[in-house]
Amino acid sequence: MVSGEIRVRIAPSPTGYFHVGTARTAIYNWLLARKHSGKFLLRIEDTDRERSKKEYVDIILDGLKWLGLDWDEDIVYQSKRIAENSYRPHIDRLLEEGKAYRCFYEPDELKAERDKARKEKRNFKARKYRDISPDEAERYMKEGRSFTVRLKLPTEGEAVFHDEVSGDVRRSYDDLDDLIIMKSDGNPIYNFAVVVDDHDMEITHVIRGNDHITNTFYQIEIYKALGWEIPKFAHLPMILRPDRSKVSKRKGDKGVTEYRTDGYLPQALLNYAALVGWSPKDDREKMSIDEMIESFSLDGINPNNAIFDIEKLNWLNGEYLREMDSNKLVDMVSPYLIEAGLTTIYWIETNWHWTVRVIDSLKDRCRLLTEYVELGHYFFRSEFDYDAKGVRKHFKADGTAGLLQSVLDDFEGVSRWNKDTLEKVIRDLADKLEIKPAKLIHPTRLAVSGMTKGPGLFDILELLGKTEVQNRINRAIEYIEKGEFPEQEDN
Ligand code: GLU
């Protein structure tokens with residue numbers, strides 16, 4: 001049971017693309033906040049001036065908005081916090097209280113000592129200046145020697161914290177050195193800024209990737225030294241690719257907003273990403289946002305690394321698309337059709353009902369919004385290539401043109417252009433020619449759509465309309481008569 005207001009945050013560094021791992025961290029934080037009517041905050045950790053870029057901040061904000069992960073309160077920018085001198089007073093206090101000290105190592109000297117210890121297989125600690133007298137420190141400063149500030153860490157025993165996902169996590173103090181909290185340029189180091197920010201933002205639960213576990217050990221020491229309440233920590237397992245390697249842009253893994261470009265729905269990505277490493281107790285898969293909020297809890301997070309399975313995401317996306325109201329679906333698909341140059345918004349708006357019927361006819365086959373373009377382009381464009389395999393199978397030089405001509409002749413007299421009439425025409429013609437209807441259906445489908453699969457042929461014919469169908473069949477007859485068929489593939 002959680003008491004008091006839950007305040008969580010995500011703290012992305014705007015140094016690269018917004019990947020699914022960060023999105024999932026955001027989702028869990030957001031779900032926890034929404035479940036307990038708490039606050040979900042956003043902090044941009046942009047103190048690395050060389051690597052942080054405004055465009056990456058925009059990508060993160062865009063991605064969060066697209067997923068519907070709305071944040072509370074103003075965004076906190078670490079660069080602004082530095083400018084406002086938010087950290088230095090705390091460092092000064094630790095110095096005054098003797099919990100931190102000035103460390104005067106020259107970089108070369110430190111490196112030499114570290115190398116020497118490594119050669120001698122000794123555990124090295126950079127503690128040379130830990131116990132120098134205040135007078136000595138004063139003297140070095142007067143000499144103008146530069147210094148960092150280090151936090152004194154215990155010298156023996158074990159650091160332990162309770163992780164909400166993995167249970168108790170331990171580390172020997174032998175493995176933790178006195179932590180630099182201020183760089184020689186006077187700026188706080190990363191771990192120090194995180195603690196001060198989380199404290200000032202009154203964060204109750206720090207939920208982040210398990211690559212931060214070592215940071216957590218250090219951060220807890222900072223909390224203790226400052227005498228501040230320590231938040232709860234939950235470290236999330238990694239998201240891996242199916243070959244168990246790390247998700248990475250270089251390997252082609254998409255950034256969050258690229259999923260939008262590629263035809264995914266935000267609710268599908270949100271639902272799927274939430275399931276990578278978390279499950280409700282009853283193993284439900286397709287869940288609405290409200291259901292996820294309702295059933296989310298940190299103890300449902302699996303401590304083992306999880307695999308990102310794009311096939312499952314595609315399946316889920318298809319499920320969401322299929323249950324969508326057709327008018328809404330046209331709204332969603334239209335930008336992709338327009339982007340592909342197949343139509344214009346004006347055209348869609350003036351042919352709305354027809355477009356709804358087209359989209360409906362494709363609905364069962366499409367798992368991604370982009371598939372409406374791939375599988376339905378011929379509804380919007382008369383010129384298209386014929387599927388090469390289909391041509392070899394269904395456009396025969398010795399007969400298909402004649403069959404299509406018969407179809408054309410019989411279509412000529414049809415005045416009520418609807419699928420039932422057209423089906424009857426084709427079946428009657430097949431009877432008359434003493435062939436199977438399929439012998440007419442396949443070449444006709446290829447002629448009017450360029451494809452061998454798709455919605456029912458008679459639905460396509462009805463939707464395209466008489467003139468368009470006639471033009472397309474004529475074009476196919478010409479094509480077959482020219483005889484320029486694609487080469488047989490080698491395989
Ligand atoms: N800026 C860190 C990152 O992008 C997150 C730090 C945190 O959540 O404490 O991984």
# chains A, B, ... in the order shown; residues from 1 in each chain; ligands from 1
>>> residues_near_ligand(ligand="ligand 1", cutoff="9 Å", atoms="only C-alpha atoms and all ligand atoms", output="list of chain:residue names")
A:Arg9, A:Ile10, A:Ala11, A:Pro12, A:Ser13, A:Pro14, A:Thr15, A:Thr22, A:Thr25, A:Arg43, A:Ile44, A:Glu45, A:Asp46, A:Tyr190, A:Asn191, A:Val194, A:Val195, A:Asp198, A:Val206, A:Ile207, A:Arg208, A:Gly209, A:Asp211, A:His212, A:Asn215, A:Thr216
>>> write_last_selection(atoms="N, CA and C atoms", output="CSV table (one decimal), in the first residue's frame")
chain,number,residue,atom,x,y,z
A,9,ARG,N,9.2,10.5,-12.0
A,9,ARG,CA,9.7,11.4,-13.1
A,9,ARG,C,10.5,10.5,-14.1
A,10,ILE,N,10.6,11.0,-15.3
A,10,ILE,CA,11.6,10.5,-16.2
A,10,ILE,C,12.6,11.6,-16.4
A,11,ALA,N,13.8,11.2,-16.6
A,11,ALA,CA,14.9,12.2,-16.7
A,11,ALA,C,15.8,11.9,-17.9
A,12,PRO,N,15.2,12.0,-19.1
A,12,PRO,CA,16.0,11.6,-20.2
A,12,PRO,C,17.1,12.6,-20.5
A,13,SER,N,18.2,12.1,-21.1
A,13,SER,CA,19.3,13.0,-21.6
A,13,SER,C,19.1,13.2,-23.0
A,14,PRO,N,19.0,14.4,-23.5
A,14,PRO,CA,18.6,14.6,-24.9
A,14,PRO,C,19.9,14.5,-25.8
A,15,THR,N,20.4,13.3,-25.8
A,15,THR,CA,21.7,13.2,-26.6
A,15,THR,C,21.6,12.2,-27.7
A,22,THR,N,13.5,3.9,-23.2
A,22,THR,CA,13.2,5.1,-22.4
A,22,THR,C,11.7,5.3,-22.4
A,25,THR,N,10.3,3.1,-19.7
A,25,THR,CA,10.5,3.7,-18.4
A,25,THR,C,9.5,4.8,-18.2
A,43,ARG,N,12.1,15.7,-16.4
A,43,ARG,CA,13.3,16.5,-16.2
A,43,ARG,C,14.2,16.2,-17.4
A,44,ILE,N,14.7,17.2,-18.0
A,44,ILE,CA,15.6,17.1,-19.1
A,44,ILE,C,17.1,17.2,-18.6
A,45,GLU,N,17.8,16.2,-18.7
A,45,GLU,CA,19.2,16.2,-18.2
A,45,GLU,C,20.2,16.6,-19.3
A,46,ASP,N,20.2,17.9,-19.5
A,46,ASP,CA,20.9,18.5,-20.6
A,46,ASP,C,22.2,19.2,-20.3
A,190,TYR,N,27.1,14.5,-12.4
A,190,TYR,CA,25.8,13.9,-12.8
A,190,TYR,C,25.1,13.4,-11.5
A,191,ASN,N,25.7,12.5,-10.8
A,191,ASN,CA,25.0,11.8,-9.7
A,191,ASN,C,24.5,12.9,-8.6
A,194,VAL,N,21.5,14.8,-9.9
A,194,VAL,CA,20.3,13.9,-9.9
A,194,VAL,C,19.6,13.9,-8.5
A,195,VAL,N,20.5,13.8,-7.5
A,195,VAL,CA,20.0,13.7,-6.1
A,195,VAL,C,19.3,15.0,-5.7
A,198,ASP,N,16.1,15.4,-7.7
A,198,ASP,CA,15.0,14.5,-7.2
A,198,ASP,C,14.5,14.9,-5.9
A,206,VAL,N,12.0,6.4,-7.7
A,206,VAL,CA,12.9,6.6,-8.8
A,206,VAL,C,12.8,5.3,-9.6
A,207,ILE,N,12.2,5.3,-10.8
A,207,ILE,CA,12.0,4.1,-11.6
A,207,ILE,C,12.8,4.4,-12.9
A,208,ARG,N,13.9,3.6,-13.1
A,208,ARG,CA,14.7,3.8,-14.2
A,208,ARG,C,15.4,2.5,-14.6
A,209,GLY,N,16.2,2.6,-15.7
A,209,GLY,CA,16.9,1.4,-16.2
A,209,GLY,C,17.9,0.8,-15.2
A,211,ASP,N,20.7,-0.1,-15.7
A,211,ASP,CA,22.1,0.4,-16.0
A,211,ASP,C,22.5,1.5,-15.0
A,212,HIS,N,21.5,1.9,-14.2
A,212,HIS,CA,21.8,3.0,-13.2
A,212,HIS,C,22.1,2.4,-11.8
A,215,ASN,N,25.0,3.9,-10.0
A,215,ASN,CA,24.7,5.3,-9.7
A,215,ASN,C,23.9,5.3,-8.4
A,216,THR,N,22.9,4.4,-8.3
A,216,THR,CA,22.0,4.4,-7.1
A,216,THR,C,22.8,4.2,-5.8
>>> residues_around(residues="region 256-272 of chain A", least_positions_apart="6", cutoff="7 Å", atoms="only C-alpha atoms", output="PyMOL selection string")
chain A and resi 18-20+63+66-67+286-287+313+316-317+320+368-370
>>> write_last_selection(atoms="N, CA, C and O atoms", output="PDB file, in the first residue's frame")
ATOM      1  N   PHE A  18      15.014   8.760 -29.132  1.00  0.00           N
ATOM      2  CA  PHE A  18      14.137   8.415 -28.017  1.00  0.00           C
ATOM      3  C   PHE A  18      13.735   6.957 -28.219  1.00  0.00           C
ATOM      4  O   PHE A  18      12.828   6.652 -28.968  1.00  0.00           O
ATOM      5  N   HIS A  19      14.479   6.066 -27.571  1.00  0.00           N
ATOM      6  CA  HIS A  19      14.210   4.670 -27.906  1.00  0.00           C
ATOM      7  C   HIS A  19      13.149   4.047 -27.008  1.00  0.00           C
ATOM      8  O   HIS A  19      12.719   4.634 -26.017  1.00  0.00           O
ATOM      9  N   VAL A  20      12.774   2.844 -27.399  1.00  0.00           N
ATOM     10  CA  VAL A  20      11.653   2.188 -26.733  1.00  0.00           C
ATOM     11  C   VAL A  20      11.915   1.964 -25.253  1.00  0.00           C
ATOM     12  O   VAL A  20      10.995   1.991 -24.439  1.00  0.00           O
ATOM     13  N   GLY A  63       7.450  12.504 -28.844  1.00  0.00           N
ATOM     14  CA  GLY A  63       7.175  11.078 -28.601  1.00  0.00           C
ATOM     15  C   GLY A  63       6.273  10.875 -27.394  1.00  0.00           C
ATOM     16  O   GLY A  63       5.330  10.080 -27.431  1.00  0.00           O
ATOM     17  N   TRP A  66       2.792  11.969 -28.330  1.00  0.00           N
ATOM     18  CA  TRP A  66       2.163  11.007 -29.236  1.00  0.00           C
ATOM     19  C   TRP A  66       1.649   9.789 -28.461  1.00  0.00           C
ATOM     20  O   TRP A  66       0.555   9.284 -28.718  1.00  0.00           O
ATOM     21  N   LEU A  67       2.448   9.339 -27.488  1.00  0.00           N
ATOM     22  CA  LEU A  67       2.022   8.174 -26.701  1.00  0.00           C
ATOM     23  C   LEU A  67       0.939   8.529 -25.684  1.00  0.00           C
ATOM     24  O   LEU A  67       0.364   7.650 -25.048  1.00  0.00           O
ATOM     25  N   LYS A 286      -3.994  -7.634 -24.609  1.00  0.00           N
ATOM     26  CA  LYS A 286      -4.516  -6.391 -25.163  1.00  0.00           C
ATOM     27  C   LYS A 286      -5.271  -5.671 -24.046  1.00  0.00           C
ATOM     28  O   LYS A 286      -6.237  -6.184 -23.490  1.00  0.00           O
ATOM     29  N   MET A 287      -4.772  -4.503 -23.709  1.00  0.00           N
ATOM     30  CA  MET A 287      -5.359  -3.783 -22.579  1.00  0.00           C
ATOM     31  C   MET A 287      -5.532  -2.315 -22.919  1.00  0.00           C
ATOM     32  O   MET A 287      -4.645  -1.706 -23.519  1.00  0.00           O
ATOM     33  N   LEU A 313       4.100  -6.878 -31.574  1.00  0.00           N
ATOM     34  CA  LEU A 313       3.630  -5.493 -31.687  1.00  0.00           C
ATOM     35  C   LEU A 313       2.758  -5.347 -32.937  1.00  0.00           C
ATOM     36  O   LEU A 313       1.701  -4.712 -32.895  1.00  0.00           O
ATOM     37  N   LEU A 316      -0.627  -6.808 -32.313  1.00  0.00           N
ATOM     38  CA  LEU A 316      -1.429  -5.947 -31.440  1.00  0.00           C
ATOM     39  C   LEU A 316      -1.923  -4.715 -32.197  1.00  0.00           C
ATOM     40  O   LEU A 316      -3.072  -4.288 -32.047  1.00  0.00           O
ATOM     41  N   ASN A 317      -1.048  -4.165 -33.036  1.00  0.00           N
ATOM     42  CA  ASN A 317      -1.435  -2.993 -33.821  1.00  0.00           C
ATOM     43  C   ASN A 317      -2.624  -3.347 -34.723  1.00  0.00           C
ATOM     44  O   ASN A 317      -3.576  -2.586 -34.844  1.00  0.00           O
ATOM     45  N   TYR A 320      -5.808  -3.439 -32.765  1.00  0.00           N
ATOM     46  CA  TYR A 320      -6.332  -2.085 -32.490  1.00  0.00           C
ATOM     47  C   TYR A 320      -6.951  -1.474 -33.741  1.00  0.00           C
ATOM     48  O   TYR A 320      -7.970  -0.800 -33.670  1.00  0.00           O
ATOM     49  N   LEU A 368      -0.712  -2.617 -40.093  1.00  0.00           N
ATOM     50  CA  LEU A 368      -0.102  -1.292 -39.908  1.00  0.00           C
ATOM     51  C   LEU A 368      -0.828  -0.296 -40.797  1.00  0.00           C
ATOM     52  O   LEU A 368      -1.326  -0.662 -41.866  1.00  0.00           O
ATOM     53  N   LEU A 369      -0.829   0.951 -40.399  1.00  0.00           N
ATOM     54  CA  LEU A 369      -1.481   1.969 -41.231  1.00  0.00           C
ATOM     55  C   LEU A 369      -0.818   2.048 -42.607  1.00  0.00           C
ATOM     56  O   LEU A 369      -1.482   2.281 -43.617  1.00  0.00           O
ATOM     57  N   THR A 370       0.479   1.833 -42.648  1.00  0.00           N
ATOM     58  CA  THR A 370       1.190   1.911 -43.932  1.00  0.00           C
ATOM     59  C   THR A 370       0.759   0.792 -44.883  1.00  0.00           C
ATOM     60  O   THR A 370       0.900   0.913 -46.096  1.00  0.00           O
TER      61      THR A 370
END
>>> select_by_dssp(residues="region 147-179 of chain A", states="strand (DSSP E)", output="PyMOL selection string")
chain A and resi 148-151+158-163+167-172+179
>>> closest_atom_pairs(of="region 292-336 of chain A", to="region 156-177 of chain A", cutoff="7 Å", atoms="only C-alpha atoms", output="JSON lines")
{"residue": "A:Leu298", "atom": "CA", "partner": "A:Val165", "partner_atom": "CA", "distance": 6.6}
{"residue": "A:Asp299", "atom": "CA", "partner": "A:Val165", "partner_atom": "CA", "distance": 6.2}
{"residue": "A:Ile301", "atom": "CA", "partner": "A:Val165", "partner_atom": "CA", "distance": 6.3}
{"residue": "A:Pro303", "atom": "CA", "partner": "A:Ser166", "partner_atom": "CA", "distance": 5.7}
>>> write_last_selection(atoms="all heavy atoms", output="PDB file, in the first residue's frame")
ATOM      1  N   LEU A 298       4.390  -2.124  -9.342  1.00  0.00           N
ATOM      2  CA  LEU A 298       5.816  -2.399  -9.533  1.00  0.00           C
ATOM      3  C   LEU A 298       6.123  -3.876  -9.322  1.00  0.00           C
ATOM      4  O   LEU A 298       7.046  -4.413  -9.935  1.00  0.00           O
ATOM      5  CB  LEU A 298       6.651  -1.550  -8.564  1.00  0.00           C
ATOM      6  CG  LEU A 298       6.666  -0.043  -8.834  1.00  0.00           C
ATOM      7  CD1 LEU A 298       7.438   0.688  -7.745  1.00  0.00           C
ATOM      8  CD2 LEU A 298       7.271   0.273 -10.206  1.00  0.00           C
ATOM      9  N   ASP A 299       5.347  -4.553  -8.492  1.00  0.00           N
ATOM     10  CA  ASP A 299       5.702  -5.961  -8.272  1.00  0.00           C
ATOM     11  C   ASP A 299       5.285  -6.869  -9.432  1.00  0.00           C
ATOM     12  O   ASP A 299       5.613  -8.050  -9.438  1.00  0.00           O
ATOM     13  CB  ASP A 299       5.231  -6.491  -6.903  1.00  0.00           C
ATOM     14  CG  ASP A 299       3.735  -6.359  -6.725  1.00  0.00           C
ATOM     15  OD1 ASP A 299       3.042  -6.231  -7.755  1.00  0.00           O
ATOM     16  OD2 ASP A 299       3.272  -6.370  -5.564  1.00  0.00           O
ATOM     17  N   ILE A 301       6.533  -6.257 -12.302  1.00  0.00           N
ATOM     18  CA  ILE A 301       7.654  -6.132 -13.245  1.00  0.00           C
ATOM     19  C   ILE A 301       8.579  -7.331 -13.086  1.00  0.00           C
ATOM     20  O   ILE A 301       8.967  -7.691 -11.975  1.00  0.00           O
ATOM     21  CB  ILE A 301       8.434  -4.820 -13.000  1.00  0.00           C
ATOM     22  CG1 ILE A 301       7.532  -3.624 -13.308  1.00  0.00           C
ATOM     23  CG2 ILE A 301       9.708  -4.775 -13.851  1.00  0.00           C
ATOM     24  CD1 ILE A 301       8.134  -2.272 -12.976  1.00  0.00           C
ATOM     25  N   PRO A 303      11.974  -9.147 -13.129  1.00  0.00           N
ATOM     26  CA  PRO A 303      13.361  -8.677 -12.995  1.00  0.00           C
ATOM     27  C   PRO A 303      14.300  -9.158 -14.109  1.00  0.00           C
ATOM     28  O   PRO A 303      15.420  -8.664 -14.218  1.00  0.00           O
ATOM     29  CB  PRO A 303      13.812  -9.238 -11.637  1.00  0.00           C
ATOM     30  CG  PRO A 303      12.823 -10.276 -11.270  1.00  0.00           C
ATOM     31  CD  PRO A 303      11.573 -10.059 -12.058  1.00  0.00           C
TER      32      PRO A 303
END
>>> residues_around(residues="Leu457 (chain A)", least_positions_apart="6", cutoff="9 Å", atoms="only C-alpha atoms", output="list in words")
Lys419, Glu423, Ile441, His442, Thr444 and Arg445 of chain A
>>> write_last_selection(atoms="N, CA and C atoms", output="CSV table (one decimal), in the first residue's frame")
chain,number,residue,atom,x,y,z
A,419,LYS,N,-21.8,-5.7,-56.7
A,419,LYS,CA,-21.0,-6.9,-56.6
A,419,LYS,C,-21.8,-8.2,-56.9
A,423,GLU,N,-20.8,-10.7,-59.9
A,423,GLU,CA,-20.5,-12.1,-59.6
A,423,GLU,C,-21.2,-13.0,-60.5
A,441,ILE,N,-11.6,-15.1,-62.6
A,441,ILE,CA,-11.4,-14.2,-61.4
A,441,ILE,C,-9.9,-13.8,-61.2
A,442,HIS,N,-9.0,-14.8,-61.4
A,442,HIS,CA,-7.6,-14.4,-61.1
A,442,HIS,C,-7.1,-13.4,-62.1
A,444,THR,N,-8.7,-11.3,-63.9
A,444,THR,CA,-9.4,-10.0,-63.7
A,444,THR,C,-8.9,-9.2,-62.5
A,445,ARG,N,-8.7,-10.0,-61.4
A,445,ARG,CA,-8.1,-9.3,-60.2
A,445,ARG,C,-6.8,-8.7,-60.5
>>> decode(residues="region 270-297 of chain A", atoms="N, CA, C and O atoms", output="PDB file, in the first residue's frame")
ATOM      1  N   LEU A 270       2.133   1.700 -26.889  1.00  0.00           N
ATOM      2  CA  LEU A 270       2.064   1.871 -25.435  1.00  0.00           C
ATOM      3  C   LEU A 270       1.722   0.542 -24.767  1.00  0.00           C
ATOM      4  O   LEU A 270       2.384   0.102 -23.826  1.00  0.00           O
ATOM      5  N   ASN A 271       0.724  -0.114 -25.281  1.00  0.00           N
ATOM      6  CA  ASN A 271       0.286  -1.393 -24.724  1.00  0.00           C
ATOM      7  C   ASN A 271       1.407  -2.421 -24.833  1.00  0.00           C
ATOM      8  O   ASN A 271       1.766  -3.070 -23.847  1.00  0.00           O
ATOM      9  N   TYR A 272       2.020  -2.506 -26.015  1.00  0.00           N
ATOM     10  CA  TYR A 272       3.052  -3.536 -26.171  1.00  0.00           C
ATOM     11  C   TYR A 272       4.282  -3.240 -25.323  1.00  0.00           C
ATOM     12  O   TYR A 272       4.796  -4.115 -24.619  1.00  0.00           O
ATOM     13  N   ALA A 273       4.752  -1.960 -25.372  1.00  0.00           N
ATOM     14  CA  ALA A 273       5.966  -1.620 -24.610  1.00  0.00           C
ATOM     15  C   ALA A 273       5.745  -1.882 -23.121  1.00  0.00           C
ATOM     16  O   ALA A 273       6.643  -2.356 -22.421  1.00  0.00           O
ATOM     17  N   ALA A 274       4.524  -1.612 -22.634  1.00  0.00           N
ATOM     18  CA  ALA A 274       4.245  -1.867 -21.215  1.00  0.00           C
ATOM     19  C   ALA A 274       4.402  -3.354 -20.896  1.00  0.00           C
ATOM     20  O   ALA A 274       4.862  -3.738 -19.821  1.00  0.00           O
ATOM     21  N   LEU A 275       4.062  -4.195 -21.868  1.00  0.00           N
ATOM     22  CA  LEU A 275       4.115  -5.649 -21.625  1.00  0.00           C
ATOM     23  C   LEU A 275       5.517  -6.231 -21.738  1.00  0.00           C
ATOM     24  O   LEU A 275       5.742  -7.383 -21.397  1.00  0.00           O
ATOM     25  N   VAL A 276       6.455  -5.429 -22.248  1.00  0.00           N
ATOM     26  CA  VAL A 276       7.832  -5.932 -22.334  1.00  0.00           C
ATOM     27  C   VAL A 276       8.428  -5.794 -20.935  1.00  0.00           C
ATOM     28  O   VAL A 276       8.977  -4.775 -20.570  1.00  0.00           O
ATOM     29  N   GLY A 277       8.280  -6.823 -20.137  1.00  0.00           N
ATOM     30  CA  GLY A 277       8.843  -6.779 -18.796  1.00  0.00           C
ATOM     31  C   GLY A 277       7.827  -6.594 -17.683  1.00  0.00           C
ATOM     32  O   GLY A 277       8.175  -6.631 -16.518  1.00  0.00           O
ATOM     33  N   TRP A 278       6.586  -6.377 -18.047  1.00  0.00           N
ATOM     34  CA  TRP A 278       5.548  -6.287 -17.006  1.00  0.00           C
ATOM     35  C   TRP A 278       4.334  -7.073 -17.459  1.00  0.00           C
ATOM     36  O   TRP A 278       4.053  -7.119 -18.663  1.00  0.00           O
ATOM     37  N   SER A 279       3.640  -7.696 -16.521  1.00  0.00           N
ATOM     38  CA  SER A 279       2.366  -8.289 -16.918  1.00  0.00           C
ATOM     39  C   SER A 279       1.388  -8.178 -15.771  1.00  0.00           C
ATOM     40  O   SER A 279       1.776  -8.227 -14.608  1.00  0.00           O
ATOM     41  N   PRO A 280       0.105  -8.002 -16.129  1.00  0.00           N
ATOM     42  CA  PRO A 280      -0.894  -8.001 -15.066  1.00  0.00           C
ATOM     43  C   PRO A 280      -0.992  -9.436 -14.547  1.00  0.00           C
ATOM     44  O   PRO A 280      -0.590 -10.368 -15.242  1.00  0.00           O
ATOM     45  N   LYS A 281      -1.517  -9.612 -13.402  1.00  0.00           N
ATOM     46  CA  LYS A 281      -1.515 -10.956 -12.784  1.00  0.00           C
ATOM     47  C   LYS A 281      -2.237 -12.010 -13.641  1.00  0.00           C
ATOM     48  O   LYS A 281      -1.939 -13.182 -13.583  1.00  0.00           O
ATOM     49  N   ASP A 282      -3.207 -11.551 -14.455  1.00  0.00           N
ATOM     50  CA  ASP A 282      -4.000 -12.530 -15.191  1.00  0.00           C
ATOM     51  C   ASP A 282      -3.533 -12.738 -16.632  1.00  0.00           C
ATOM     52  O   ASP A 282      -4.246 -13.314 -17.444  1.00  0.00           O
ATOM     53  N   ASP A 283      -2.325 -12.253 -16.959  1.00  0.00           N
ATOM     54  CA  ASP A 283      -1.756 -12.486 -18.291  1.00  0.00           C
ATOM     55  C   ASP A 283      -2.559 -11.930 -19.456  1.00  0.00           C
ATOM     56  O   ASP A 283      -2.432 -12.400 -20.581  1.00  0.00           O
ATOM     57  N   ARG A 284      -3.388 -10.932 -19.202  1.00  0.00           N
ATOM     58  CA  ARG A 284      -4.062 -10.280 -20.329  1.00  0.00           C
ATOM     59  C   ARG A 284      -3.011  -9.648 -21.218  1.00  0.00           C
ATOM     60  O   ARG A 284      -1.949  -9.241 -20.745  1.00  0.00           O
ATOM     61  N   GLU A 285      -3.290  -9.506 -22.511  1.00  0.00           N
ATOM     62  CA  GLU A 285      -2.320  -8.867 -23.396  1.00  0.00           C
ATOM     63  C   GLU A 285      -2.834  -7.559 -23.958  1.00  0.00           C
ATOM     64  O   GLU A 285      -2.206  -6.533 -23.829  1.00  0.00           O
ATOM     65  N   LYS A 286      -3.994  -7.634 -24.609  1.00  0.00           N
ATOM     66  CA  LYS A 286      -4.516  -6.391 -25.163  1.00  0.00           C
ATOM     67  C   LYS A 286      -5.271  -5.671 -24.046  1.00  0.00           C
ATOM     68  O   LYS A 286      -6.237  -6.184 -23.490  1.00  0.00           O
ATOM     69  N   MET A 287      -4.772  -4.503 -23.709  1.00  0.00           N
ATOM     70  CA  MET A 287      -5.359  -3.783 -22.579  1.00  0.00           C
ATOM     71  C   MET A 287      -5.532  -2.315 -22.919  1.00  0.00           C
ATOM     72  O   MET A 287      -4.645  -1.706 -23.519  1.00  0.00           O
ATOM     73  N   SER A 288      -6.645  -1.759 -22.510  1.00  0.00           N
ATOM     74  CA  SER A 288      -6.841  -0.327 -22.715  1.00  0.00           C
ATOM     75  C   SER A 288      -5.969   0.418 -21.705  1.00  0.00           C
ATOM     76  O   SER A 288      -5.480  -0.163 -20.730  1.00  0.00           O
ATOM     77  N   ILE A 289      -5.809   1.704 -21.939  1.00  0.00           N
ATOM     78  CA  ILE A 289      -4.991   2.492 -21.028  1.00  0.00           C
ATOM     79  C   ILE A 289      -5.573   2.444 -19.617  1.00  0.00           C
ATOM     80  O   ILE A 289      -4.854   2.265 -18.639  1.00  0.00           O
ATOM     81  N   ASP A 290      -6.889   2.542 -19.534  1.00  0.00           N
ATOM     82  CA  ASP A 290      -7.508   2.498 -18.204  1.00  0.00           C
ATOM     83  C   ASP A 290      -7.266   1.165 -17.512  1.00  0.00           C
ATOM     84  O   ASP A 290      -7.030   1.119 -16.305  1.00  0.00           O
ATOM     85  N   GLU A 291      -7.331   0.088 -18.296  1.00  0.00           N
ATOM     86  CA  GLU A 291      -7.073  -1.227 -17.686  1.00  0.00           C
ATOM     87  C   GLU A 291      -5.625  -1.322 -17.196  1.00  0.00           C
ATOM     88  O   GLU A 291      -5.348  -1.911 -16.155  1.00  0.00           O
ATOM     89  N   MET A 292      -4.714  -0.749 -17.983  1.00  0.00           N
ATOM     90  CA  MET A 292      -3.310  -0.798 -17.562  1.00  0.00           C
ATOM     91  C   MET A 292      -3.098   0.006 -16.282  1.00  0.00           C
ATOM     92  O   MET A 292      -2.396  -0.433 -15.379  1.00  0.00           O
ATOM     93  N   ILE A 293      -3.701   1.179 -16.245  1.00  0.00           N
ATOM     94  CA  ILE A 293      -3.565   2.013 -15.038  1.00  0.00           C
ATOM     95  C   ILE A 293      -4.095   1.234 -13.827  1.00  0.00           C
ATOM     96  O   ILE A 293      -3.452   1.130 -12.795  1.00  0.00           O
ATOM     97  N   GLU A 294      -5.244   0.640 -14.042  1.00  0.00           N
ATOM     98  CA  GLU A 294      -5.916  -0.109 -12.986  1.00  0.00           C
ATOM     99  C   GLU A 294      -5.038  -1.252 -12.457  1.00  0.00           C
ATOM    100  O   GLU A 294      -4.906  -1.451 -11.262  1.00  0.00           O
ATOM    101  N   SER A 295      -4.381  -1.989 -13.378  1.00  0.00           N
ATOM    102  CA  SER A 295      -3.690  -3.188 -12.896  1.00  0.00           C
ATOM    103  C   SER A 295      -2.185  -3.011 -12.718  1.00  0.00           C
ATOM    104  O   SER A 295      -1.507  -3.954 -12.321  1.00  0.00           O
ATOM    105  N   PHE A 296      -1.680  -1.801 -12.964  1.00  0.00           N
ATOM    106  CA  PHE A 296      -0.222  -1.656 -12.866  1.00  0.00           C
ATOM    107  C   PHE A 296       0.268  -1.689 -11.418  1.00  0.00           C
ATOM    108  O   PHE A 296      -0.320  -1.095 -10.531  1.00  0.00           O
ATOM    109  N   SER A 297       1.356  -2.420 -11.221  1.00  0.00           N
ATOM    110  CA  SER A 297       2.053  -2.294  -9.935  1.00  0.00           C
ATOM    111  C   SER A 297       3.511  -2.688 -10.159  1.00  0.00           C
ATOM    112  O   SER A 297       3.829  -3.471 -11.057  1.00  0.00           O
TER     113      SER A 297
END
